[in-house]
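Heads up, the thing below is written out as structure tokens.
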Amino acid sequence: MSETGDRAIRIVEVGPRDGLQNEAAVVPADAKVAFIEALAGTGLQVVEATSFVSPRAIPQLADADEVFPRIHRRRDVRYPVLVPNVRGLERAEAAGADAVAVFTAASEAFTEANIGMSIAASLAAFTPVLERAGAAGWWRRGYVSTAFGCPYSGDVATQAVVDVSVALLDLGCDEISIGDTIGVAHPADVQRVVSALLARIPADRLALHLHDTYGRALPNVEAGLALGVRTFDSSAGGTGGCPYAPGAPGNLATEDLIELLDRLGYEHGVDGSAVARAASAIQASFVG
């Protein structure tokens, strides 16, 4: 279901990728496929399916080459996959993907810990990925982690967030997702950072990726809504976080986001009860 108008919200479901990557439990491939298909049947327009990174880096998603080709994809749902480099893109191509996400950060310390390179080096690594994906007609997304604080270096300059976001846009990303990776943002921080971004990037090309570490995800959503942001990332059941960000458990739960949007009168087209059932099913499949 696709909504239109200023009251229309697009929810990007990241549970199958960002949610599962930080779980200690082993999740069977069959359960992952069923989870993705169940979420795609709830009315969600975007379901981030998996990550084609090194199995050594993210062992929980080592089965991406098996999982993605098995998904019975709906025509009205986009299934982006995360890739770190050209090798990851080649794996995604072989699996049949047609939407891609790349990831960097606004903090040099976090980028080094997360992907072992500087921000500038990460952008250089993404350049051929985004060029090749663009030539193939793929939809392209860029993640900017630690936009509101870094677990290693503390405060992050607003200008650093703007600079890396604009760089990703210039490289061809269709959408930039701004992440509160460790959940430290207050609504005033969202107002500050998003306002600066809006001076350079249209609101319809921005998304917010909020963690609920300190219970502020929903107030931060409201701050984003007030500024015109209409795309929000969330994870069914609130699972996951970032394995490279100590103290960052708990993505914003899709069910909680839907409840807030319903209460505020926004349109999203997603069946929250169906999302909750999908979350319960995947959690029941955890082994270990």
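A note on labels: chains of the structure tokens are A, B, ... as shown, every chain counts residues from 1, and ligands are counted from 1 in their shown order.
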Item to check | Residues within 12 Å of A:Leu89, only C-alpha atoms, excluding chain neighbours under 6 positions, as a PyMOL selection string | outcome: chain A and resi 51-54+65+80-83+95-102+125-134+136+138+140
Checklist entry - Could you write out, as a PyMOL selection string, all the residues of stretch 114-258 of chain A that DSSP marks as strand (DSSP E or B)? => result chain A and resi 139-145+150+154+175-180+206-211+231-235+241+249+251+253
Checklist entry - Which neighbours of A:Thr42 fall inside 6 Å, counting only C-alpha atoms, when residues of the same chain fewer than 3 positions from it are skipped, and could you give them as an NGL selection string? => result :A and (39 or 270-271 or 274)
Item to check | Exercise: A:Arg73 partners within 12 Å, only C-alpha atoms, chain neighbours under 4 positions left out, as a PyMOL selection string | outcome: chain A and resi 33-34+36-41+45-47+49+67-69+77-80+96-98
Please produce a file of those selected residues containing N, CA and C atoms, as a PDB file, in the first residue's frame.
ATOM      1  N   VAL A  33      13.938 -16.255   5.885  1.00  0.00           N
ATOM      2  CA  VAL A  33      13.117 -16.095   4.676  1.00  0.00           C
ATOM      3  C   VAL A  33      11.657 -15.873   5.052  1.00  0.00           C
ATOM      4  N   ALA A  34      11.168 -16.678   5.980  1.00  0.00           N
ATOM      5  CA  ALA A  34       9.771 -16.534   6.415  1.00  0.00           C
ATOM      6  C   ALA A  34       9.535 -15.170   7.054  1.00  0.00           C
ATOM      7  N   ILE A  36      11.163 -12.286   6.463  1.00  0.00           N
ATOM      8  CA  ILE A  36      11.157 -11.258   5.419  1.00  0.00           C
ATOM      9  C   ILE A  36       9.841 -11.281   4.652  1.00  0.00           C
ATOM     10  N   GLU A  37       9.386 -12.473   4.302  1.00  0.00           N
ATOM     11  CA  GLU A  37       8.134 -12.577   3.540  1.00  0.00           C
ATOM     12  C   GLU A  37       6.937 -12.136   4.381  1.00  0.00           C
ATOM     13  N   ALA A  38       6.956 -12.462   5.672  1.00  0.00           N
ATOM     14  CA  ALA A  38       5.854 -12.038   6.545  1.00  0.00           C
ATOM     15  C   ALA A  38       5.815 -10.519   6.662  1.00  0.00           C
ATOM     16  N   LEU A  39       6.982  -9.899   6.826  1.00  0.00           N
ATOM     17  CA  LEU A  39       7.034  -8.445   6.933  1.00  0.00           C
ATOM     18  C   LEU A  39       6.578  -7.778   5.644  1.00  0.00           C
ATOM     19  N   ALA A  40       6.978  -8.340   4.522  1.00  0.00           N
ATOM     20  CA  ALA A  40       6.577  -7.768   3.235  1.00  0.00           C
ATOM     21  C   ALA A  40       5.071  -7.860   3.010  1.00  0.00           C
ATOM     22  N   GLY A  41       4.428  -8.756   3.734  1.00  0.00           N
ATOM     23  CA  GLY A  41       2.979  -8.902   3.613  1.00  0.00           C
ATOM     24  C   GLY A  41       2.177  -8.027   4.559  1.00  0.00           C
ATOM     25  N   GLN A  45       6.575  -0.886   2.726  1.00  0.00           N
ATOM     26  CA  GLN A  45       7.054  -0.621   1.373  1.00  0.00           C
ATOM     27  C   GLN A  45       8.519  -0.986   1.187  1.00  0.00           C
ATOM     28  N   VAL A  46       9.281  -1.025   2.284  1.00  0.00           N
ATOM     29  CA  VAL A  46      10.708  -1.322   2.230  1.00  0.00           C
ATOM     30  C   VAL A  46      11.050  -2.297   3.352  1.00  0.00           C
ATOM     31  N   VAL A  47      11.679  -3.418   2.981  1.00  0.00           N
ATOM     32  CA  VAL A  47      12.148  -4.399   3.953  1.00  0.00           C
ATOM     33  C   VAL A  47      13.613  -4.683   3.641  1.00  0.00           C
ATOM     34  N   ALA A  49      16.674  -6.648   3.618  1.00  0.00           N
ATOM     35  CA  ALA A  49      16.637  -8.100   3.719  1.00  0.00           C
ATOM     36  C   ALA A  49      17.842  -8.729   4.393  1.00  0.00           C
ATOM     37  N   VAL A  67      19.843 -16.918   1.585  1.00  0.00           N
ATOM     38  CA  VAL A  67      18.547 -16.364   1.984  1.00  0.00           C
ATOM     39  C   VAL A  67      17.924 -15.516   0.879  1.00  0.00           C
ATOM     40  N   PHE A  68      18.686 -14.569   0.339  1.00  0.00           N
ATOM     41  CA  PHE A  68      18.058 -13.596  -0.564  1.00  0.00           C
ATOM     42  C   PHE A  68      17.413 -14.235  -1.801  1.00  0.00           C
ATOM     43  N   PRO A  69      18.064 -15.181  -2.487  1.00  0.00           N
ATOM     44  CA  PRO A  69      17.413 -15.752  -3.681  1.00  0.00           C
ATOM     45  C   PRO A  69      16.139 -16.529  -3.384  1.00  0.00           C
ATOM     46  N   VAL A  77       7.151  -3.983  -3.031  1.00  0.00           N
ATOM     47  CA  VAL A  77       8.048  -3.888  -1.884  1.00  0.00           C
ATOM     48  C   VAL A  77       9.488  -3.831  -2.386  1.00  0.00           C
ATOM     49  N   ARG A  78      10.267  -2.921  -1.812  1.00  0.00           N
ATOM     50  CA  ARG A  78      11.688  -2.833  -2.125  1.00  0.00           C
ATOM     51  C   ARG A  78      12.472  -3.623  -1.061  1.00  0.00           C
ATOM     52  N   TYR A  79      13.505  -4.355  -1.516  1.00  0.00           N
ATOM     53  CA  TYR A  79      14.288  -5.205  -0.619  1.00  0.00           C
ATOM     54  C   TYR A  79      15.777  -4.824  -0.700  1.00  0.00           C
ATOM     55  N   PRO A  80      16.169  -3.707  -0.111  1.00  0.00           N
ATOM     56  CA  PRO A  80      17.590  -3.333  -0.178  1.00  0.00           C
ATOM     57  C   PRO A  80      18.461  -4.286   0.627  1.00  0.00           C
ATOM     58  N   GLY A  96      20.471 -11.684  -7.012  1.00  0.00           N
ATOM     59  CA  GLY A  96      19.279 -11.122  -7.628  1.00  0.00           C
ATOM     60  C   GLY A  96      18.777  -9.830  -7.020  1.00  0.00           C
ATOM     61  N   ALA A  97      19.617  -9.153  -6.235  1.00  0.00           N
ATOM     62  CA  ALA A  97      19.184  -7.890  -5.618  1.00  0.00           C
ATOM     63  C   ALA A  97      19.055  -6.786  -6.650  1.00  0.00           C
ATOM     64  N   ASP A  98      18.284  -5.752  -6.299  1.00  0.00           N
ATOM     65  CA  ASP A  98      18.156  -4.584  -7.174  1.00  0.00           C
ATOM     66  C   ASP A  98      18.056  -3.278  -6.388  1.00  0.00           C
TER      67      ASP A  98
END
Show which residues sit within 12 Å of A:Ile282, as a PDB file with N, CA and C atoms, in the first residue's frame. Count only C-alpha atoms, and ignore same-chain residues fewer than 6 positions away.
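Output (around33.pdb):
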ATOM      1  N   GLY A  15      14.554  -4.934  10.455  1.00  0.00           N
ATOM      2  CA  GLY A  15      14.688  -6.089  11.338  1.00  0.00           C
ATOM      3  C   GLY A  15      15.491  -7.251  10.772  1.00  0.00           C
ATOM      4  N   PRO A  16      15.239  -7.658   9.522  1.00  0.00           N
ATOM      5  CA  PRO A  16      15.973  -8.816   8.996  1.00  0.00           C
ATOM      6  C   PRO A  16      17.473  -8.584   8.842  1.00  0.00           C
ATOM      7  N   GLY A  19      18.335  -5.750  12.661  1.00  0.00           N
ATOM      8  CA  GLY A  19      17.803  -6.415  13.839  1.00  0.00           C
ATOM      9  C   GLY A  19      18.528  -7.704  14.160  1.00  0.00           C
ATOM     10  N   LEU A  20      18.695  -8.561  13.148  1.00  0.00           N
ATOM     11  CA  LEU A  20      19.275  -9.879  13.389  1.00  0.00           C
ATOM     12  C   LEU A  20      20.791  -9.855  13.519  1.00  0.00           C
ATOM     13  N   GLU A  23      22.018 -10.022  17.150  1.00  0.00           N
ATOM     14  CA  GLU A  23      21.485 -11.034  18.052  1.00  0.00           C
ATOM     15  C   GLU A  23      22.521 -12.137  18.275  1.00  0.00           C
ATOM     16  N   ALA A  25      21.807 -15.117  19.211  1.00  0.00           N
ATOM     17  CA  ALA A  25      21.219 -16.386  18.823  1.00  0.00           C
ATOM     18  C   ALA A  25      21.453 -16.676  17.340  1.00  0.00           C
ATOM     19  N   VAL A  26      21.491 -17.961  17.022  1.00  0.00           N
ATOM     20  CA  VAL A  26      21.563 -18.397  15.632  1.00  0.00           C
ATOM     21  C   VAL A  26      20.143 -18.470  15.086  1.00  0.00           C
ATOM     22  N   VAL A  27      19.926 -17.857  13.930  1.00  0.00           N
ATOM     23  CA  VAL A  27      18.608 -17.857  13.303  1.00  0.00           C
ATOM     24  C   VAL A  27      18.699 -18.649  12.009  1.00  0.00           C
ATOM     25  N   PRO A  28      17.951 -19.728  11.866  1.00  0.00           N
ATOM     26  CA  PRO A  28      18.023 -20.544  10.659  1.00  0.00           C
ATOM     27  C   PRO A  28      17.605 -19.767   9.412  1.00  0.00           C
ATOM     28  N   ALA A  29      18.165 -20.142   8.271  1.00  0.00           N
ATOM     29  CA  ALA A  29      17.851 -19.465   7.016  1.00  0.00           C
ATOM     30  C   ALA A  29      16.358 -19.533   6.712  1.00  0.00           C
ATOM     31  N   ASP A  30      15.738 -20.681   6.964  1.00  0.00           N
ATOM     32  CA  ASP A  30      14.299 -20.816   6.697  1.00  0.00           C
ATOM     33  C   ASP A  30      13.508 -19.775   7.473  1.00  0.00           C
ATOM     34  N   ALA A  31      13.881 -19.551   8.727  1.00  0.00           N
ATOM     35  CA  ALA A  31      13.176 -18.581   9.563  1.00  0.00           C
ATOM     36  C   ALA A  31      13.390 -17.165   9.045  1.00  0.00           C
ATOM     37  N   LYS A  32      14.595 -16.871   8.561  1.00  0.00           N
ATOM     38  CA  LYS A  32      14.857 -15.541   8.008  1.00  0.00           C
ATOM     39  C   LYS A  32      14.004 -15.287   6.778  1.00  0.00           C
ATOM     40  N   VAL A  33      13.938 -16.255   5.885  1.00  0.00           N
ATOM     41  CA  VAL A  33      13.117 -16.095   4.676  1.00  0.00           C
ATOM     42  C   VAL A  33      11.657 -15.873   5.052  1.00  0.00           C
ATOM     43  N   ALA A  34      11.168 -16.678   5.980  1.00  0.00           N
ATOM     44  CA  ALA A  34       9.771 -16.534   6.415  1.00  0.00           C
ATOM     45  C   ALA A  34       9.535 -15.170   7.054  1.00  0.00           C
ATOM     46  N   PHE A  35      10.505 -14.691   7.824  1.00  0.00           N
ATOM     47  CA  PHE A  35      10.404 -13.387   8.483  1.00  0.00           C
ATOM     48  C   PHE A  35      10.300 -12.272   7.448  1.00  0.00           C
ATOM     49  N   ILE A  36      11.163 -12.286   6.463  1.00  0.00           N
ATOM     50  CA  ILE A  36      11.157 -11.258   5.419  1.00  0.00           C
ATOM     51  C   ILE A  36       9.841 -11.281   4.652  1.00  0.00           C
ATOM     52  N   GLU A  37       9.386 -12.473   4.302  1.00  0.00           N
ATOM     53  CA  GLU A  37       8.134 -12.577   3.540  1.00  0.00           C
ATOM     54  C   GLU A  37       6.937 -12.136   4.381  1.00  0.00           C
ATOM     55  N   ALA A  38       6.956 -12.462   5.672  1.00  0.00           N
ATOM     56  CA  ALA A  38       5.854 -12.038   6.545  1.00  0.00           C
ATOM     57  C   ALA A  38       5.815 -10.519   6.662  1.00  0.00           C
ATOM     58  N   LEU A  39       6.982  -9.899   6.826  1.00  0.00           N
ATOM     59  CA  LEU A  39       7.034  -8.445   6.933  1.00  0.00           C
ATOM     60  C   LEU A  39       6.578  -7.778   5.644  1.00  0.00           C
ATOM     61  N   SER A 235      12.638  -1.592  13.542  1.00  0.00           N
ATOM     62  CA  SER A 235      12.881  -3.030  13.529  1.00  0.00           C
ATOM     63  C   SER A 235      11.753  -3.748  14.261  1.00  0.00           C
ATOM     64  N   ALA A 236      11.160  -4.723  13.600  1.00  0.00           N
ATOM     65  CA  ALA A 236      10.064  -5.482  14.210  1.00  0.00           C
ATOM     66  C   ALA A 236      10.519  -6.091  15.524  1.00  0.00           C
ATOM     67  N   GLY A 237       9.775  -5.845  16.563  1.00  0.00           N
ATOM     68  CA  GLY A 237      10.127  -6.362  17.876  1.00  0.00           C
ATOM     69  C   GLY A 237      11.202  -5.566  18.586  1.00  0.00           C
ATOM     70  N   GLY A 238      11.725  -4.521  17.939  1.00  0.00           N
ATOM     71  CA  GLY A 238      12.777  -3.705  18.538  1.00  0.00           C
ATOM     72  C   GLY A 238      14.108  -4.418  18.661  1.00  0.00           C
ATOM     73  N   THR A 239      14.295  -5.466  17.866  1.00  0.00           N
ATOM     74  CA  THR A 239      15.525  -6.239  17.964  1.00  0.00           C
ATOM     75  C   THR A 239      16.706  -5.495  17.371  1.00  0.00           C
ATOM     76  N   VAL A 275       2.869  -7.137  11.923  1.00  0.00           N
ATOM     77  CA  VAL A 275       4.290  -6.942  12.224  1.00  0.00           C
ATOM     78  C   VAL A 275       4.637  -7.624  13.548  1.00  0.00           C
ATOM     79  N   ALA A 276       3.785  -7.458  14.547  1.00  0.00           N
ATOM     80  CA  ALA A 276       4.025  -8.077  15.851  1.00  0.00           C
ATOM     81  C   ALA A 276       4.047  -9.599  15.747  1.00  0.00           C
TER      82      ALA A 276
END
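Minimum atom-to-atom distances from A:Phe103, A:Arg216, A:Asp262, A:Ala207 to A:Pro84 were compared using only C-alpha atoms, and the lowest value belongs to A:Phe103.
Pairwise distance (atom CA of A:Asp63, atom CA of A:Thr231) equals 28.5 Å.
Our summary of the geometry notes that atom CA of A:Thr213 is positioned 26.4 Å from atom CA of A:Arg56.
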Next on the checklist: So that I can check the surroundings of stretch 185-187 of chain A, please list as a PyMOL selection string every protein, DNA and RNA residue that reaches within 7 Å of it, counting only C-alpha atoms and ignoring chain neighbours fewer than 4 positions away.
Outcome noted: chain A and resi 148+180+191+216+219-220+223
For the selection just defined, write its residues with C-alpha atoms to a file, as a PDB file, in the first residue's frame.
ATOM      1  CA  PHE A 148      24.305  12.314  17.357  1.00  0.00           C
ATOM      2  CA  ASP A 180      21.378   7.751  16.320  1.00  0.00           C
ATOM      3  CA  GLN A 191      16.066  19.526  15.580  1.00  0.00           C
ATOM      4  CA  ARG A 216      13.832   8.654  23.579  1.00  0.00           C
ATOM      5  CA  PRO A 219      10.046  11.782  21.085  1.00  0.00           C
ATOM      6  CA  ASN A 220      12.825  11.966  18.524  1.00  0.00           C
ATOM      7  CA  ALA A 223      10.892  16.000  16.433  1.00  0.00           C
TER       8      ALA A 223
END
Checklist entry - Could you pull the residues within 9 Å of stretch 7-12 of chain A, counting only C-alpha atoms, minus those fewer than 4 positions along the same chain, as a ChimeraX atom specification? => result /A:2-3,44-48,207,229-235,254,257-258,261,265-270
Checklist entry - Could you work out how far atom CA of A:His72 lies from atom CA of A:Arg87, giving the answer in Å with one decimal? => result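 So the two atoms, atom CA of A:Arg87 and atom CA of A:His72, lie 24.5 Å apart.
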Item to check | DSSP-assigned alpha helix (DSSP H) members of stretch 8-210 of chain A, reported as a ChimeraX atom specification | outcome: /A:29-40,64-70,86-95,108-115,119-135,158-170,187-198
Next on the checklist: Considering only C-alpha atoms, can you say which of A:Ser153, A:Pro202, A:Thr181, A:Asp189 comes closest to A:Leu169?
Outcome noted: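 Looking at the shortest contact to A:Leu169, the residue is A:Pro202.
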